[in-house]
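K.L.:
Provided below: coords_37.tsv, containing TSV, C-alpha atoms.
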chain	number	residue	atom	x	y	z
A	30	LEU	CA	121.66	146.65	83.68
A	31	ARG	CA	121.76	145.91	79.94
A	32	ILE	CA	121.39	142.18	80.71
A	33	PRO	CA	121.13	140.30	77.36
A	34	VAL	CA	117.89	138.49	76.60
A	35	VAL	CA	116.58	136.17	73.89
A	36	PHE	CA	112.85	136.79	74.11
A	37	VAL	CA	110.36	134.14	72.98
A	38	GLY	CA	107.31	135.98	71.66
A	39	ASP	CA	103.80	134.65	71.31
A	40	GLY	CA	103.28	133.30	67.78
A	41	LYS	CA	99.51	132.87	68.17
A	42	LEU	CA	96.71	135.11	66.96
A	43	GLY	CA	96.69	138.19	69.20
A	44	GLY	CA	100.12	137.38	70.58
A	45	ILE	CA	101.71	140.55	69.25
A	46	SER	CA	100.09	142.68	71.98
A	47	VAL	CA	101.50	140.48	74.76
A	48	THR	CA	104.87	140.42	73.00
A	49	LEU	CA	105.07	144.21	72.65
A	50	SER	CA	103.96	144.81	76.25
A	51	SER	CA	106.54	142.36	77.55
A	52	LEU	CA	109.34	143.82	75.42
A	53	GLU	CA	108.54	147.36	76.57
A	54	ALA	CA	108.52	146.19	80.21
A	55	LEU	CA	111.94	144.54	79.79
A	56	TRP	CA	113.40	147.63	78.06
A	57	THR	CA	112.02	149.88	80.81
A	58	ARG	CA	113.79	147.71	83.40
A	59	GLY	CA	117.11	147.95	81.57
A	60	TYR	CA	117.30	144.61	79.76
A	61	ARG	CA	118.90	144.39	76.32
A	62	ILE	CA	116.86	142.28	73.89
A	63	ASP	CA	119.31	140.67	71.46
A	64	ALA	CA	116.81	138.49	69.60
A	65	VAL	CA	113.12	137.66	69.46
A	66	VAL	CA	111.92	134.16	68.55
A	67	PHE	CA	108.32	133.42	67.59
A	68	ILE	CA	107.14	129.80	67.62
A	69	GLU	CA	104.04	129.28	65.52
A	70	GLY	CA	101.06	128.26	67.64
A	71	GLU	CA	98.87	125.30	66.89
A	72	SER	CA	95.51	126.46	65.57
A	73	ASP	CA	92.30	125.30	67.19
A	74	GLY	CA	90.26	125.73	64.00
A	75	ASP	CA	88.69	122.87	62.09
A	76	SER	CA	89.11	124.22	58.56
A	77	ASP	CA	92.14	123.70	56.35
A	78	GLU	CA	92.12	127.42	55.52
A	79	TYR	CA	92.48	128.35	59.19
A	80	ASP	CA	95.24	125.78	59.69
A	81	SER	CA	97.30	127.30	56.88
A	82	ILE	CA	97.47	130.77	58.50
A	83	GLN	CA	100.86	131.40	60.09
A	84	PHE	CA	100.32	133.96	62.84
A	85	GLY	CA	103.91	133.83	64.07
A	86	LYS	CA	105.23	135.22	60.78
A	87	GLY	CA	102.59	137.94	60.91
A	88	ASN	CA	103.60	138.76	64.48
A	89	ALA	CA	107.26	138.92	63.46
A	90	GLU	CA	106.39	141.34	60.65
A	91	ALA	CA	104.22	143.42	63.00
A	92	LEU	CA	107.15	143.60	65.43
A	93	ARG	CA	109.45	144.83	62.65
A	94	GLU	CA	106.90	147.50	61.69
A	95	TYR	CA	106.55	148.57	65.34
A	96	LEU	CA	110.33	148.79	65.81
A	97	THR	CA	110.70	150.81	62.60
A	98	MET	CA	108.00	153.25	63.72
A	99	ARG	CA	109.46	153.63	67.23
A	100	HIS	CA	112.97	154.08	65.80
A	101	GLN	CA	111.70	156.91	63.57
A	102	ILE	CA	110.10	158.61	66.59
A	103	GLU	CA	113.06	158.02	68.93
A	104	PRO	CA	116.16	157.53	66.73
A	105	ASN	CA	118.56	157.80	69.68
A	106	LYS	CA	117.16	154.73	71.45
A	107	GLU	CA	119.39	151.77	70.62
A	108	MET	CA	116.85	149.18	71.72
A	109	TYR	CA	114.84	149.63	68.52
A	110	SER	CA	117.73	149.90	66.08
A	111	ASP	CA	119.51	146.90	67.66
A	112	LEU	CA	116.67	144.56	66.67
A	113	LEU	CA	116.39	146.10	63.20
A	114	ARG	CA	120.11	145.95	62.41
A	115	ASP	CA	120.18	142.29	61.36
A	116	ASP	CA	117.48	140.15	59.72
A	117	ASP	CA	118.40	137.24	62.00
A	118	THR	CA	117.40	139.05	65.22
A	119	ILE	CA	113.72	138.18	64.71
A	120	VAL	CA	113.19	134.47	64.06
A	121	CYS	CA	109.97	132.59	63.33
A	122	LEU	CA	109.86	128.84	63.86
A	123	PRO	CA	107.10	126.34	62.98
A	124	PRO	CA	104.87	124.81	65.66
A	125	LEU	CA	106.37	122.37	68.10
A	126	PRO	CA	105.30	118.76	67.56
A	127	PRO	CA	102.55	117.51	69.87
A	128	MET	CA	103.53	115.67	73.02
A	129	PRO	CA	105.01	113.05	73.40
A	130	ILE	CA	106.77	113.34	70.02
A	131	PRO	CA	110.48	114.14	70.64
A	132	LEU	CA	111.86	117.45	69.41
A	133	ASP	CA	114.83	115.91	67.53
A	134	ASP	CA	113.29	116.13	64.05
A	135	TRP	CA	111.90	119.61	64.76
A	136	TYR	CA	115.37	120.85	65.76
A	137	ARG	CA	116.96	119.25	62.69
A	138	SER	CA	114.39	120.73	60.32
A	139	ASN	CA	115.08	124.21	61.75
A	140	GLU	CA	118.84	123.85	62.03
A	141	GLY	CA	119.50	126.79	59.69
A	142	SER	CA	117.47	129.18	61.85
A	143	PHE	CA	119.20	127.98	65.02
A	144	LEU	CA	122.67	128.30	63.44
A	145	ARG	CA	121.98	131.88	62.25
A	146	LEU	CA	120.67	132.80	65.70
A	147	HIS	CA	123.70	131.17	67.34
A	148	ARG	CA	126.12	133.12	65.10
A	149	LEU	CA	124.33	136.37	65.85
A	150	LEU	CA	124.38	135.81	69.61
A	151	ASP	CA	127.99	134.63	69.52
A	152	GLN	CA	128.97	137.94	67.88
A	153	LYS	CA	126.91	140.01	70.35
A	154	TRP	CA	127.95	138.15	73.48
A	155	ARG	CA	131.61	137.55	72.68
A	156	VAL	CA	133.88	138.98	75.36
A	157	LYS	CA	136.16	141.57	73.82
Can you turn what I pasted into structure tokens?

P.N.:
Amino acid sequence: LRIPVVFVGDGKLGGISVTLSSLEALWTRGYRIDAVVFIEGESDGDSDEYDSIQFGKGNAEALREYLTMRHQIEPNKEMYSDLLRDDDTIVCLPPLPPMPIPLDDWYRSNEGSFLRLHRLLDQKWRVK
């Protein structure tokens, strides 16, 4: 199928296992993952130290390590190298604001990430 997908991974603690399982399932079914976006999860902890931990960035790094390892084992599989080819294919965004706060400011504060992702997808999805 090679249907293009922008996958939103789980940016919370432990979310990397769900993310990897879901990506493998999509690849097995013939989908082409063009980008992965992690949105940081809100922590439930009470301490300031816990609140400062950014699991989404850790999950993004763990995904890069996993893809690198799998690409070394299976260098002919494009699915791994495609996500490693460009730094903008794996994006990590800060937590969404709590409801009912509108997303306008959140979008504006992350405009650079969205623009890089848009450019990347525009290049990949452009009809030749």

K.L.:
Measure the distance from CA of Leu150 (chain A) to CA of Pro127 (chain A) in Å and round it to one decimal.

P.N.:
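Interatomic distance here is 28.5 Å.
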
K.L.:
Give me the residues within 12 Å of Tyr60 (chain A) as an MDAnalysis selection string, counting all atoms listed in the file and dropping any in the same chain fewer than 3 places off.

P.N.:
chainID A and resid 30:36 51:57 63:64 107:108

K.L.:
Let me make sure I understand: among A:Ser110, A:Gly59, A:Gly38, A:Asp116, which one has the smallest atom-to-atom distance to Gly87 (chain A) if we use all atoms listed in the file?

P.N.:
A:Gly38

K.L.:
I'd like to know which of A:Leu112, A:Met128, A:Gly70, A:Leu49 is closest to Ala91 (chain A), using only C-alpha atoms.

P.N.:
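Closest residue, counting only C-alpha atoms: A:Leu49.
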
K.L.:
Determine the nearest neighbour of Glu69 (chain A) from the options A:Cys121, A:His100, A:Asn105, A:Arg93, counting all atoms listed in the file.

P.N.:
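Of A:Cys121, A:His100, A:Asn105, A:Arg93, the one nearest Glu69 (chain A) is A:Cys121, counting all atoms listed in the file.
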
K.L.:
Restricting the calculation to all atoms listed in the file: of A:Ser138, A:Ser50, A:Thr118, A:Gln101, which residue gets closest to Val66 (chain A)?

P.N.:
A:Thr118

K.L.:
Rounded to one decimal in Å, what is the spacing between CA of Pro129 (chain A) and CA of Asp39 (chain A)?

P.N.:
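Straight-line distance from CA of Pro129 (chain A) to CA of Asp39 (chain A) works out to 21.7 Å.
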
K.L.:
Using all atoms listed in the file, can you tell me which of A:Leu132, A:Leu149, A:Met98, A:Ile68 comes closest to Lys86 (chain A)?

P.N.:
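Closest to Lys86 (chain A), using all atoms listed in the file: A:Ile68.
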
K.L.:
Quick check, in Å to one decimal: how far apart do CA of Arg148 (chain A) and CA of Asp117 (chain A) lie?

P.N.:
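One can read the CA of Arg148 (chain A) to CA of Asp117 (chain A) distance as 9.3 Å.
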
K.L.:
Could you give me, as a count of residues only, the residues that have an atom at most 7 Å away from the point (104.2, 140.7, 65.2) in the coordinates of the file, using only C-alpha atoms?

P.N.:
8

K.L.:
Excluding Tyr136 (chain A) and residues on its chain fewer than 6 positions from it, collect all residues at most 12 Å away from it, counting only C-alpha atoms, and give them as a ChimeraX atom specification.

P.N.:
/A:122-126,142-144
